Each structure stands twice: as structure tokens, then as C-alpha cells.
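Asks: This structure is in C-alpha cells; I'll ask about it shortly.
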Amino acid sequence: MSKKITDLKEQIIQAADQVRSISNLAILENREYTVDEQAKIAVLDSEMNNDMKRLDVEDRSQQIEMRMARERGSEAIDKRMREAGIHEGGSTTGHEFISHTGERAHFLTKTDKVASLNGGQRLANGTGEMIRAMICGVNSRTPREVQTAMTGGNNNLGGLLVPNYLSGDVIDLMRARAVLGLAGCPTIILEGSDNQIATVVGEVTPQVKAEMAAFTPSDITLGSVGLFPRTVGCVVESSRELAEDAPNFIQIIEDQISKTMAALIDNYGINGFGGTDLGLIGSIHINEVAAIGSIRWSHLASAVTRLRVKNQEPNGAILFPTIHDALFNTTTGDGVNSSLGWLEPPPSIRDKQYFNTTACPSGRIIVGDFTKYAMGLRTGLQIEATTSGANNMFGKHGVAIKATIRADFVTLDPKAFERLAGVTV
């Protein structure tokens, strides 16, 4: 209880005692209150009412502060997510789907969170806490959830799978920082071994039939594509002293992992993993228009129109930074004969979003509905740490932390995308 609340309660008790003393005296002398006593009681009554209102406000404020203190770590994560691009609304858990054979998968949109998949169970900075425990060892200050999770592997600087309720915040930060995530690409959390995802192969053909006549079979076709997760990861080096002494070590390590993973996700999601997996840039099922030349708003508008003809509504485009800036820095007027200004996008594409990343080749632009390109995650975050190996970590009293996930990408409807090739500034 705060000192302010204690003082207010004491003031109310003292005022009540004074009113009681005046009342007892009048009863003892068998008389009515005097004018002075009535005035005194009125003043005391007013003071008690004011103090009780202040007490109510302080009490509610203290309750809020206590709740905020309990949730401070969670709120810090939410703030970082909002800064990274995730909306400010409440956490959602996406949609759970179960196949005929019982395999489960969660379909998460841009605003859904992996951290919310476990019925609200969550530990802020869980991944960072787990990494610090792997480096420094488990002690009385190690969160109970981390101690429990670490019983599933080698606690002595070995590899551990970080559960979703611990690693979900880092994975969500990774999704939010990736351009593909910002563009609206959903995430499919796979829990089973059957990773077949339904895709649209042919579009429906509407028709009108005469009475008692038969419908002609439509050319709508649903197909399937397999998700075959590849291992994507990064290595972060740190001194063991830093892990032990720096209060913000857990936040820094999570930020670095999520930022590096986001860049990797964009690279593989856009360019593919190689071989027959060619991503958005190399897919033979996505239409490509070549020899675009110097980029103009009209090129984007034409691409959007072609997609609309296919009953698609693209939500944006992904471009290389110099192409993006050349597009948005297009000027109108010469500043002498006419006023100099910036050329706006035409009305037909003014509501679209444009995302720049070095993961997109400089000569290409991807236009489409990115809600129809999904990332599949097969496992949670895998963490390994070592004090030996490359770069003489043992001699430096350092540690190398490796973080990996297993991911793949699938185009749910190739007709929702178009590539522009041969783009220049």
C-alpha cells in the first residue's frame, strides 16, 4: 500500500473521530448541535467526501500500476512489435485447421501472433532468458518456464527447441520486420508431418443455364503443393561477461536474431532456396512482363489492371530500394516554366503499398496480392550455443549462439502475382 493511500485513510479516520466526538457531546448534554458544531461537522463531512474520492482514484491508480508492473515485460514486447509494424490491437491466435487425418495447422494473418497460440501462456523475452541461461547457467532468478523448457535438451551449451510460448515473440518480431510480413504474407504453423497445402490452379467460370438443362463443368481446379521446410538460421557472437552483466542482454539478443532472421526470410521467400524452389522471382507459374525499361507509375498501373482482369486485387508491390526511390522521386514540372513537384501515383493504384528491400533483384518488381503467398513454419526456434569451434570462442571467453527455424514458402494462387522484368531507373 502506498504512503498516499495510507495518509488519506488516516485523514478520513481522524475526521470521522471528530464528528463522533461532537455528536457524543451533544447526546451527553441532551441538546441539539450548536451553529458552530453544525458548521464544523459540515466542514469535516466535506473533507471526508473529498478524501474518499481521492482515495478511490489512488486505489484504482495503484491497481493499474500493479497490473502494469506484472505486465511490463509483455508490454515492452508489444511496443517493440508495434514499432516493427504489428498493429496496436489485441493479440489474436489466427485460425486452426485440422485435416481429415487429424493433422493440425494454424493459419496466421499479418495481425495474428504466434505468441498467442498457447492459450495465453507467455513469457516476455523468453528466448533471451533461455539464451542467457544456456550461457550463464540456471539459477534462482531463471524463470520457471525457462527451467522447464531446458529439461528437454542438453543444458550445458547444447541445442534446445524453444517452445512457442517462449519463442513466439521473437518469431512475431521476425515476421513483422520481414518485408513479406509487412506486405501481408500469412504464416502457416505446421504441427504434423503431412504438409500438403491446397492451391488454386484454375479459376471458376460463371454460367447461366436453361431450365432442366445440365451445368457444364466449370474449369475451376484445386491442386496441392507440398511444404518442405528448409533450415534457416543465423549465428550471433557475444562475450560471456556481457551475457552475465548487461541488464538488456536478453532484449538485444532477441532484436538481433529477429532482425537477421527477417532478412533471411525475405531473401529465401522472394528468391527461393535454389534447385526447383525458385520463390516469387523464379516461379514459372507467375506471369512476367519483360523489357520494362525506366520505371514509371504507368508500369505499375498496367500490371494492376492485368491482375484485375484475372479477378485479382493486388495489395502492393515489392521493389529494390533504388527502383522504389526512383519511382517515388519522379518529378513534374521544371521549376522554371512550371512549378516543380512530385508526380503522384494514378488514382487506380493510389491505395496500394510499396515495399523496398535489397532481397528483391534490382531489375525486377513483384506486384500482387501478398495474402496469397504463405510462409510455412515446421518447428519453433531452435537455439544452440557453443564456447568452442570457429573464431576461438573458448580462448576469448565468448559464446556463439545459433538460432534456426525450418521454413518454406508456397504460392496459394499464382494468378494473384505478376513480375516486371528489365526494370531500370
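Naming works like this for the C-alpha cells: A, B, ... for the chains as they're shown, residue 1 at the start of each chain, ligands 1 onward in shown order.
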Do you know which residues are at most 12 Å from Ala183 in chain A counting only C-alpha atoms, after dropping those on the same chain fewer than 2 positions away, and could you put them as a PDB file with N, CA and C atoms, in the first residue's frame?
Replies:
```
ATOM      1  N   GLY A  85       5.973  -2.939 -36.817  1.00  0.00           N
ATOM      2  CA  GLY A  85       4.949  -2.983 -37.855  1.00  0.00           C
ATOM      3  C   GLY A  85       3.691  -3.744 -37.513  1.00  0.00           C
ATOM      4  N   ILE A  86       3.657  -4.434 -36.365  1.00  0.00           N
ATOM      5  CA  ILE A  86       2.439  -5.145 -35.974  1.00  0.00           C
ATOM      6  C   ILE A  86       1.453  -4.163 -35.378  1.00  0.00           C
ATOM      7  N   THR A 109      -2.660 -14.555 -40.049  1.00  0.00           N
ATOM      8  CA  THR A 109      -2.568 -13.397 -40.925  1.00  0.00           C
ATOM      9  C   THR A 109      -1.507 -12.442 -40.385  1.00  0.00           C
ATOM     10  N   LYS A 110      -1.371 -11.301 -41.036  1.00  0.00           N
ATOM     11  CA  LYS A 110      -0.363 -10.314 -40.642  1.00  0.00           C
ATOM     12  C   LYS A 110      -0.525  -9.886 -39.196  1.00  0.00           C
ATOM     13  N   THR A 111      -1.765  -9.770 -38.718  1.00  0.00           N
ATOM     14  CA  THR A 111      -2.008  -9.252 -37.371  1.00  0.00           C
ATOM     15  C   THR A 111      -2.097 -10.330 -36.301  1.00  0.00           C
ATOM     16  N   ARG A 175       8.579 -11.887 -38.237  1.00  0.00           N
ATOM     17  CA  ARG A 175       7.529 -11.764 -39.251  1.00  0.00           C
ATOM     18  C   ARG A 175       7.203 -10.303 -39.523  1.00  0.00           C
ATOM     19  N   ALA A 176       7.190  -9.491 -38.453  1.00  0.00           N
ATOM     20  CA  ALA A 176       6.828  -8.086 -38.602  1.00  0.00           C
ATOM     21  C   ALA A 176       7.915  -7.285 -39.297  1.00  0.00           C
ATOM     22  N   ARG A 177       9.165  -7.681 -39.111  1.00  0.00           N
ATOM     23  CA  ARG A 177      10.274  -6.945 -39.714  1.00  0.00           C
ATOM     24  C   ARG A 177      10.531  -7.373 -41.151  1.00  0.00           C
ATOM     25  N   ALA A 178      10.113  -8.559 -41.517  1.00  0.00           N
ATOM     26  CA  ALA A 178      10.299  -9.030 -42.887  1.00  0.00           C
ATOM     27  C   ALA A 178       9.363  -8.254 -43.813  1.00  0.00           C
ATOM     28  N   VAL A 179       9.865  -7.851 -44.961  1.00  0.00           N
ATOM     29  CA  VAL A 179       9.036  -7.146 -45.929  1.00  0.00           C
ATOM     30  C   VAL A 179       7.850  -8.011 -46.360  1.00  0.00           C
ATOM     31  N   LEU A 180       8.070  -9.304 -46.497  1.00  0.00           N
ATOM     32  CA  LEU A 180       6.968 -10.199 -46.858  1.00  0.00           C
ATOM     33  C   LEU A 180       5.868 -10.162 -45.797  1.00  0.00           C
ATOM     34  N   GLY A 181       6.277 -10.099 -44.518  1.00  0.00           N
ATOM     35  CA  GLY A 181       5.286  -9.992 -43.455  1.00  0.00           C
ATOM     36  C   GLY A 181       4.532  -8.677 -43.511  1.00  0.00           C
ATOM     37  N   CYS A 185       1.899 -11.321 -46.172  1.00  0.00           N
ATOM     38  CA  CYS A 185       2.018 -12.773 -46.332  1.00  0.00           C
ATOM     39  C   CYS A 185       1.628 -13.483 -45.046  1.00  0.00           C
ATOM     40  N   PRO A 186       0.706 -14.437 -45.100  1.00  0.00           N
ATOM     41  CA  PRO A 186       0.324 -15.189 -43.903  1.00  0.00           C
ATOM     42  C   PRO A 186       1.389 -16.206 -43.516  1.00  0.00           C
ATOM     43  N   ASP A 266      13.091 -12.845 -46.048  1.00  0.00           N
ATOM     44  CA  ASP A 266      12.820 -12.084 -47.272  1.00  0.00           C
ATOM     45  C   ASP A 266      13.620 -12.628 -48.445  1.00  0.00           C
ATOM     46  N   PRO A 314      -4.546  -6.857 -56.358  1.00  0.00           N
ATOM     47  CA  PRO A 314      -3.252  -6.778 -55.669  1.00  0.00           C
ATOM     48  C   PRO A 314      -3.268  -5.736 -54.558  1.00  0.00           C
ATOM     49  N   ASN A 315      -2.492  -6.001 -53.502  1.00  0.00           N
ATOM     50  CA  ASN A 315      -2.422  -5.032 -52.397  1.00  0.00           C
ATOM     51  C   ASN A 315      -1.135  -4.231 -52.395  1.00  0.00           C
ATOM     52  N   GLY A 316      -0.189  -4.561 -53.299  1.00  0.00           N
ATOM     53  CA  GLY A 316       1.034  -3.779 -53.307  1.00  0.00           C
ATOM     54  C   GLY A 316       2.102  -4.355 -54.206  1.00  0.00           C
ATOM     55  N   ALA A 317       3.318  -3.840 -54.033  1.00  0.00           N
ATOM     56  CA  ALA A 317       4.454  -4.269 -54.849  1.00  0.00           C
ATOM     57  C   ALA A 317       5.719  -4.263 -54.003  1.00  0.00           C
ATOM     58  N   ILE A 318       6.653  -5.140 -54.359  1.00  0.00           N
ATOM     59  CA  ILE A 318       7.963  -5.213 -53.711  1.00  0.00           C
ATOM     60  C   ILE A 318       9.020  -4.822 -54.733  1.00  0.00           C
ATOM     61  N   LEU A 319       9.898  -3.891 -54.343  1.00  0.00           N
ATOM     62  CA  LEU A 319      10.883  -3.320 -55.270  1.00  0.00           C
ATOM     63  C   LEU A 319      12.248  -3.207 -54.600  1.00  0.00           C
ATOM     64  N   LYS A 352      -2.443   1.353 -53.046  1.00  0.00           N
ATOM     65  CA  LYS A 352      -1.516   0.226 -52.931  1.00  0.00           C
ATOM     66  C   LYS A 352      -0.323   0.605 -52.052  1.00  0.00           C
ATOM     67  N   GLN A 353       0.334  -0.435 -51.508  1.00  0.00           N
ATOM     68  CA  GLN A 353       1.515  -0.231 -50.685  1.00  0.00           C
ATOM     69  C   GLN A 353       2.748  -0.695 -51.449  1.00  0.00           C
ATOM     70  N   TYR A 354       3.871  -0.012 -51.195  1.00  0.00           N
ATOM     71  CA  TYR A 354       5.104  -0.303 -51.922  1.00  0.00           C
ATOM     72  C   TYR A 354       6.216  -0.560 -50.914  1.00  0.00           C
ATOM     73  N   PHE A 355       6.813  -1.747 -51.000  1.00  0.00           N
ATOM     74  CA  PHE A 355       7.807  -2.190 -50.025  1.00  0.00           C
ATOM     75  C   PHE A 355       9.148  -2.358 -50.706  1.00  0.00           C
ATOM     76  N   ASN A 356      10.187  -1.766 -50.112  1.00  0.00           N
ATOM     77  CA  ASN A 356      11.511  -1.892 -50.724  1.00  0.00           C
ATOM     78  C   ASN A 356      12.408  -2.787 -49.884  1.00  0.00           C
ATOM     79  N   THR A 357      13.191  -3.602 -50.555  1.00  0.00           N
ATOM     80  CA  THR A 357      14.136  -4.490 -49.894  1.00  0.00           C
ATOM     81  C   THR A 357      15.230  -4.886 -50.870  1.00  0.00           C
ATOM     82  N   ILE A 366       7.816  -7.146 -58.063  1.00  0.00           N
ATOM     83  CA  ILE A 366       6.759  -8.133 -57.848  1.00  0.00           C
ATOM     84  C   ILE A 366       5.495  -7.383 -57.458  1.00  0.00           C
ATOM     85  N   VAL A 367       4.440  -7.532 -58.249  1.00  0.00           N
ATOM     86  CA  VAL A 367       3.141  -6.911 -57.975  1.00  0.00           C
ATOM     87  C   VAL A 367       2.148  -8.023 -57.676  1.00  0.00           C
ATOM     88  N   GLY A 368       1.344  -7.861 -56.636  1.00  0.00           N
ATOM     89  CA  GLY A 368       0.380  -8.921 -56.365  1.00  0.00           C
ATOM     90  C   GLY A 368      -0.363  -8.775 -55.064  1.00  0.00           C
ATOM     91  N   ASP A 369      -1.172  -9.782 -54.796  1.00  0.00           N
ATOM     92  CA  ASP A 369      -1.900  -9.888 -53.537  1.00  0.00           C
ATOM     93  C   ASP A 369      -1.082 -10.808 -52.632  1.00  0.00           C
ATOM     94  N   PHE A 370      -0.313 -10.208 -51.743  1.00  0.00           N
ATOM     95  CA  PHE A 370       0.651 -10.984 -50.955  1.00  0.00           C
ATOM     96  C   PHE A 370      -0.004 -11.804 -49.843  1.00  0.00           C
ATOM     97  N   THR A 371      -1.300 -11.637 -49.663  1.00  0.00           N
ATOM     98  CA  THR A 371      -2.006 -12.524 -48.730  1.00  0.00           C
ATOM     99  C   THR A 371      -2.139 -13.924 -49.327  1.00  0.00           C
ATOM    100  N   LYS A 372      -1.761 -14.072 -50.595  1.00  0.00           N
ATOM    101  CA  LYS A 372      -1.848 -15.369 -51.261  1.00  0.00           C
ATOM    102  C   LYS A 372      -0.466 -15.990 -51.474  1.00  0.00           C
ATOM    103  N   TYR A 373       0.482 -15.561 -50.660  1.00  0.00           N
ATOM    104  CA  TYR A 373       1.813 -16.173 -50.634  1.00  0.00           C
ATOM    105  C   TYR A 373       2.149 -16.436 -49.174  1.00  0.00           C
ATOM    106  N   ALA A 374       2.274 -17.686 -48.803  1.00  0.00           N
ATOM    107  CA  ALA A 374       2.367 -18.044 -47.383  1.00  0.00           C
ATOM    108  C   ALA A 374       3.728 -18.615 -47.022  1.00  0.00           C
TER     109      ALA A 374
END
```
Asks: At a cut-off of 9 Å, using only C-alpha atoms, what residues contact Pro229 in chain A? Leave out same-chain residues fewer than 5 positions from it and give the result as a PDB file with N, CA and C atoms, in the first residue's frame.
Replies:
```
ATOM      1  N   GLY A 376       5.463 -21.250 -44.431  1.00  0.00           N
ATOM      2  CA  GLY A 376       5.180 -22.368 -43.536  1.00  0.00           C
ATOM      3  C   GLY A 376       6.312 -22.560 -42.543  1.00  0.00           C
ATOM      4  N   LEU A 377       5.977 -22.662 -41.267  1.00  0.00           N
ATOM      5  CA  LEU A 377       6.959 -22.930 -40.222  1.00  0.00           C
ATOM      6  C   LEU A 377       6.689 -24.315 -39.653  1.00  0.00           C
ATOM      7  N   ARG A 378       7.689 -25.167 -39.698  1.00  0.00           N
ATOM      8  CA  ARG A 378       7.504 -26.556 -39.239  1.00  0.00           C
ATOM      9  C   ARG A 378       7.818 -26.709 -37.754  1.00  0.00           C
ATOM     10  N   ILE A 405      15.270 -21.869 -37.677  1.00  0.00           N
ATOM     11  CA  ILE A 405      13.887 -22.307 -37.828  1.00  0.00           C
ATOM     12  C   ILE A 405      13.814 -23.122 -39.111  1.00  0.00           C
ATOM     13  N   ARG A 406      12.733 -23.865 -39.288  1.00  0.00           N
ATOM     14  CA  ARG A 406      12.521 -24.606 -40.524  1.00  0.00           C
ATOM     15  C   ARG A 406      11.337 -23.988 -41.245  1.00  0.00           C
ATOM     16  N   ALA A 407      11.594 -23.467 -42.440  1.00  0.00           N
ATOM     17  CA  ALA A 407      10.568 -22.710 -43.149  1.00  0.00           C
ATOM     18  C   ALA A 407      10.522 -23.081 -44.624  1.00  0.00           C
ATOM     19  N   ASP A 408       9.380 -22.868 -45.236  1.00  0.00           N
ATOM     20  CA  ASP A 408       9.208 -22.992 -46.672  1.00  0.00           C
ATOM     21  C   ASP A 408       8.121 -22.011 -47.095  1.00  0.00           C
ATOM     22  N   PHE A 409       7.984 -21.801 -48.413  1.00  0.00           N
ATOM     23  CA  PHE A 409       7.020 -20.834 -48.927  1.00  0.00           C
ATOM     24  C   PHE A 409       6.172 -21.490 -50.003  1.00  0.00           C
TER      25      PHE A 409
END
```
Asks: Name all residues at most 9 Å from Met150 in chain A (count only C-alpha atoms; drop same-chain ones fewer than 5 positions away) and give them as a ChimeraX atom specification.
Replies: /A:130,133-134,145,155,160-162
Asks: Excluding same-chain residues fewer than 5 positions from Glu241 in chain A, what lies within 9 Å of it counting only C-alpha atoms, as a list in words?
Replies: Ala246, His397 and Gly398 of chain A
Asks: Restricting it to C-alpha atoms, dump the selection as a compact mmCIF listing (two decimals), in the first residue's frame.
Replies:
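So the final result, stored in part_19.txt, reads:
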```
# COMPACT_ATOMS: atom_id res chain seq x y z
CA ALA A 246 24.25 -6.43 -19.17
CA HIS A 397 35.73 -16.45 -23.16
CA GLY A 398 32.96 -15.92 -25.64
```
Asks: Which of range 232-381 of chain A counts as helix (DSSP H, G or I) under DSSP, as JSON, numbers by chain please?
Replies: {"A": [240, 241, 242, 243, 244, 245, 249, 250, 251, 252, 253, 254, 255, 256, 257, 258, 259, 260, 261, 262, 263, 264, 265, 266, 267, 268, 269, 270, 271, 279, 280, 281, 282, 297, 298, 299, 300, 301, 302, 303, 304, 305, 306, 307, 308, 309, 321, 322, 323, 324, 325, 326, 327, 328, 347, 348, 349, 370, 371, 372]}
Asks: What does the distance from CA of Glu254 in chain A to CA of Thr127 in chain A come to in Å, to one decimal?
Replies: 6.9 Å
Asks: Let me make sure I understand: among A:Ala39, A:Ala15, A:Leu28, A:Leu8, which one has the smallest atom-to-atom distance to Met52 in chain A if we use only C-alpha atoms?
Replies: A:Leu8
Asks: Can you pull out every residue within 12 Å of Ala243 in chain A, counting only C-alpha atoms, but drop anything in the same chain fewer than 5 positions away, and send it as a list in words?
Replies: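 Selected residues are Gly128, Glu129, Met130, Ile131, Arg132, Ala133, Met134, Ile135, Cys136, Gly137, Glu237, Ser238, Asn248, Phe249, Ile250, Gln251, Ile252, Ile253, His397, Gly398, Val399, Ala400 and Ile401 of chain A.
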Asks: DSSP on the backbone: what in range 152-393 of chain A comes out strand (DSSP E or B), as a compact mmCIF listing (two decimals) with C-alpha atoms, in the first residue's frame?
Replies:
```txt
# COMPACT_ATOMS: atom_id res chain seq x y z
CA LEU A 160 17.36 -26.73 -27.38
CA LEU A 161 14.00 -26.23 -29.06
CA VAL A 162 12.42 -23.09 -27.64
CA THR A 187 2.19 -17.75 -41.81
CA ILE A 188 1.17 -21.39 -41.57
CA ILE A 189 2.31 -23.10 -38.36
CA LEU A 190 2.57 -26.81 -39.18
CA GLN A 196 0.19 -30.62 -48.31
CA ILE A 197 -1.41 -27.21 -48.88
CA ALA A 198 -4.35 -26.60 -51.23
CA THR A 199 -3.81 -24.09 -54.04
CA VAL A 200 -5.93 -22.63 -56.84
CA VAL A 201 -4.94 -23.97 -60.26
CA GLY A 202 -7.90 -22.88 -62.44
CA THR A 221 -9.35 -26.56 -60.35
CA LEU A 222 -7.88 -27.02 -56.91
CA GLY A 223 -4.45 -28.53 -56.60
CA SER A 224 -1.97 -29.14 -53.85
CA VAL A 225 1.61 -28.28 -53.21
CA GLY A 226 3.94 -29.72 -50.62
CA ARG A 230 14.41 -25.85 -45.08
CA THR A 231 16.61 -24.82 -42.20
CA VAL A 232 17.12 -21.06 -41.99
CA GLY A 233 19.41 -19.65 -39.33
CA CYS A 234 21.93 -17.14 -38.08
CA VAL A 235 24.87 -17.04 -35.67
CA VAL A 236 25.42 -14.26 -33.11
CA GLU A 237 28.64 -13.96 -31.10
CA SER A 238 28.87 -12.48 -27.61
CA SER A 239 31.17 -12.37 -24.64
CA GLY A 274 17.54 -22.87 -55.25
CA ASP A 277 12.31 -23.92 -55.42
CA ASN A 287 3.35 -14.20 -65.37
CA GLU A 288 6.34 -11.99 -66.24
CA VAL A 289 6.42 -8.88 -68.42
CA GLY A 293 12.92 -0.04 -69.00
CA SER A 294 12.93 3.17 -66.95
CA GLY A 316 1.03 -3.78 -53.31
CA ALA A 317 4.45 -4.27 -54.85
CA ILE A 318 7.96 -5.21 -53.71
CA LEU A 319 10.88 -3.32 -55.27
CA THR A 331 9.18 14.98 -60.60
CA THR A 332 6.73 17.03 -62.60
CA GLY A 341 6.55 18.92 -57.78
CA TRP A 342 6.38 15.20 -57.16
CA GLN A 353 1.51 -0.23 -50.69
CA TYR A 354 5.10 -0.30 -51.92
CA PHE A 355 7.81 -2.19 -50.03
CA ASN A 356 11.51 -1.89 -50.72
CA ARG A 364 12.55 -6.89 -61.01
CA ILE A 365 9.30 -5.76 -59.38
CA ILE A 366 6.76 -8.13 -57.85
CA VAL A 367 3.14 -6.91 -57.97
CA GLY A 368 0.38 -8.92 -56.37
CA TYR A 373 1.81 -16.17 -50.63
CA ALA A 374 2.37 -18.04 -47.38
CA MET A 375 5.33 -18.97 -45.20
CA GLY A 376 5.18 -22.37 -43.54
CA LEU A 377 6.96 -22.93 -40.22
CA LEU A 381 13.03 -21.62 -32.75
CA GLN A 382 16.00 -23.92 -32.27
CA ILE A 383 18.79 -22.44 -30.13
CA GLU A 384 22.34 -23.76 -29.86
CA ALA A 385 25.32 -22.24 -28.09
CA THR A 386 28.99 -23.18 -28.08
```
Asks: Env of Met48 in chain A: 12 Å cut, atoms = only C-alpha atoms, seq-sep filter 5 positions within chain, self excluded. Answer as JSON, numbers by chain.
Replies: {"A": [8, 9, 10, 11, 12, 13, 14, 15, 16, 17, 18, 19, 41, 42, 43, 53, 54, 55]}
Asks: Those residues you just picked out, can you put them in a file as a PDB file, in the first residue's frame with N, CA and C atoms?
Replies:
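As written to disk, again.pdb reads:
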```
ATOM      1  N   LEU A   8      -4.335   9.176   3.323  1.00  0.00           N
ATOM      2  CA  LEU A   8      -5.741   9.515   3.076  1.00  0.00           C
ATOM      3  C   LEU A   8      -6.663   8.754   4.019  1.00  0.00           C
ATOM      4  N   LYS A   9      -6.392   7.472   4.240  1.00  0.00           N
ATOM      5  CA  LYS A   9      -7.216   6.694   5.165  1.00  0.00           C
ATOM      6  C   LYS A   9      -7.114   7.233   6.585  1.00  0.00           C
ATOM      7  N   GLU A  10      -5.912   7.664   6.983  1.00  0.00           N
ATOM      8  CA  GLU A  10      -5.719   8.233   8.310  1.00  0.00           C
ATOM      9  C   GLU A  10      -6.497   9.539   8.469  1.00  0.00           C
ATOM     10  N   GLN A  11      -6.510  10.371   7.427  1.00  0.00           N
ATOM     11  CA  GLN A  11      -7.251  11.626   7.462  1.00  0.00           C
ATOM     12  C   GLN A  11      -8.751  11.382   7.590  1.00  0.00           C
ATOM     13  N   ILE A  12      -9.251  10.383   6.882  1.00  0.00           N
ATOM     14  CA  ILE A  12     -10.685  10.058   6.953  1.00  0.00           C
ATOM     15  C   ILE A  12     -11.050   9.570   8.350  1.00  0.00           C
ATOM     16  N   ILE A  13     -10.200   8.741   8.943  1.00  0.00           N
ATOM     17  CA  ILE A  13     -10.458   8.232  10.302  1.00  0.00           C
ATOM     18  C   ILE A  13     -10.457   9.368  11.317  1.00  0.00           C
ATOM     19  N   GLN A  14      -9.495  10.284  11.191  1.00  0.00           N
ATOM     20  CA  GLN A  14      -9.423  11.419  12.127  1.00  0.00           C
ATOM     21  C   GLN A  14     -10.647  12.318  12.006  1.00  0.00           C
ATOM     22  N   ALA A  15     -11.097  12.596  10.779  1.00  0.00           N
ATOM     23  CA  ALA A  15     -12.290  13.423  10.584  1.00  0.00           C
ATOM     24  C   ALA A  15     -13.527  12.743  11.159  1.00  0.00           C
ATOM     25  N   ALA A  16     -13.620  11.422  10.946  1.00  0.00           N
ATOM     26  CA  ALA A  16     -14.772  10.679  11.491  1.00  0.00           C
ATOM     27  C   ALA A  16     -14.756  10.700  13.012  1.00  0.00           C
ATOM     28  N   ASP A  17     -13.582  10.612  13.616  1.00  0.00           N
ATOM     29  CA  ASP A  17     -13.479  10.668  15.080  1.00  0.00           C
ATOM     30  C   ASP A  17     -13.931  12.023  15.605  1.00  0.00           C
ATOM     31  N   GLN A  18     -13.585  13.104  14.904  1.00  0.00           N
ATOM     32  CA  GLN A  18     -14.013  14.438  15.344  1.00  0.00           C
ATOM     33  C   GLN A  18     -15.520  14.588  15.256  1.00  0.00           C
ATOM     34  N   VAL A  19     -16.124  14.099  14.183  1.00  0.00           N
ATOM     35  CA  VAL A  19     -17.594  14.159  14.067  1.00  0.00           C
ATOM     36  C   VAL A  19     -18.241  13.342  15.170  1.00  0.00           C
ATOM     37  N   ILE A  41     -19.127  20.207  11.572  1.00  0.00           N
ATOM     38  CA  ILE A  41     -19.499  18.908  11.002  1.00  0.00           C
ATOM     39  C   ILE A  41     -19.577  19.002   9.480  1.00  0.00           C
ATOM     40  N   ALA A  42     -20.114  20.114   8.963  1.00  0.00           N
ATOM     41  CA  ALA A  42     -20.222  20.294   7.512  1.00  0.00           C
ATOM     42  C   ALA A  42     -18.836  20.317   6.864  1.00  0.00           C
ATOM     43  N   VAL A  43     -17.899  21.023   7.532  1.00  0.00           N
ATOM     44  CA  VAL A  43     -16.534  21.076   7.004  1.00  0.00           C
ATOM     45  C   VAL A  43     -15.886  19.702   7.018  1.00  0.00           C
ATOM     46  N   LYS A  53     -12.996  10.393  -2.307  1.00  0.00           N
ATOM     47  CA  LYS A  53     -12.881  10.420  -3.766  1.00  0.00           C
ATOM     48  C   LYS A  53     -11.421  10.267  -4.183  1.00  0.00           C
ATOM     49  N   ARG A  54     -10.531  10.998  -3.490  1.00  0.00           N
ATOM     50  CA  ARG A  54      -9.105  10.892  -3.791  1.00  0.00           C
ATOM     51  C   ARG A  54      -8.596   9.484  -3.508  1.00  0.00           C
ATOM     52  N   LEU A  55      -9.099   8.875  -2.416  1.00  0.00           N
ATOM     53  CA  LEU A  55      -8.705   7.509  -2.075  1.00  0.00           C
ATOM     54  C   LEU A  55      -9.121   6.529  -3.168  1.00  0.00           C
TER      55      LEU A  55
END
```
Asks: What does the distance from CA of Gly363 in chain A to CA of Leu173 in chain A come to in Å, to one decimal?
Replies: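 CA of Leu173 in chain A lies at a distance of 28.9 Å from CA of Gly363 in chain A.
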Asks: Neighbouring residues of Ile286 in chain A were defined as those with any atom within 7 Å, considering only C-alpha atoms; residues of the same chain fewer than 2 positions away were excluded. Please report them as a PDB file with C-alpha atoms, in the first residue's frame.
Replies:
```pdb
ATOM      1  CA  SER A 283       8.389 -19.266 -60.289  1.00  0.00           C
ATOM      2  CA  ILE A 284       7.344 -20.345 -63.786  1.00  0.00           C
ATOM      3  CA  GLU A 288       6.335 -11.985 -66.239  1.00  0.00           C
ATOM      4  CA  PRO A 414      -0.036 -17.863 -58.813  1.00  0.00           C
ATOM      5  CA  LYS A 415      -2.534 -15.775 -60.828  1.00  0.00           C
ATOM      6  CA  PHE A 417       1.009 -12.104 -58.929  1.00  0.00           C
ATOM      7  CA  GLU A 418       2.903 -10.579 -61.826  1.00  0.00           C
TER       8      GLU A 418
END
```
Asks: Using Å and a single decimal, report how far CA of Ala262 in chain A sits from CA of Leu182 in chain A.
Replies: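 So the answer is 10.8 Å.
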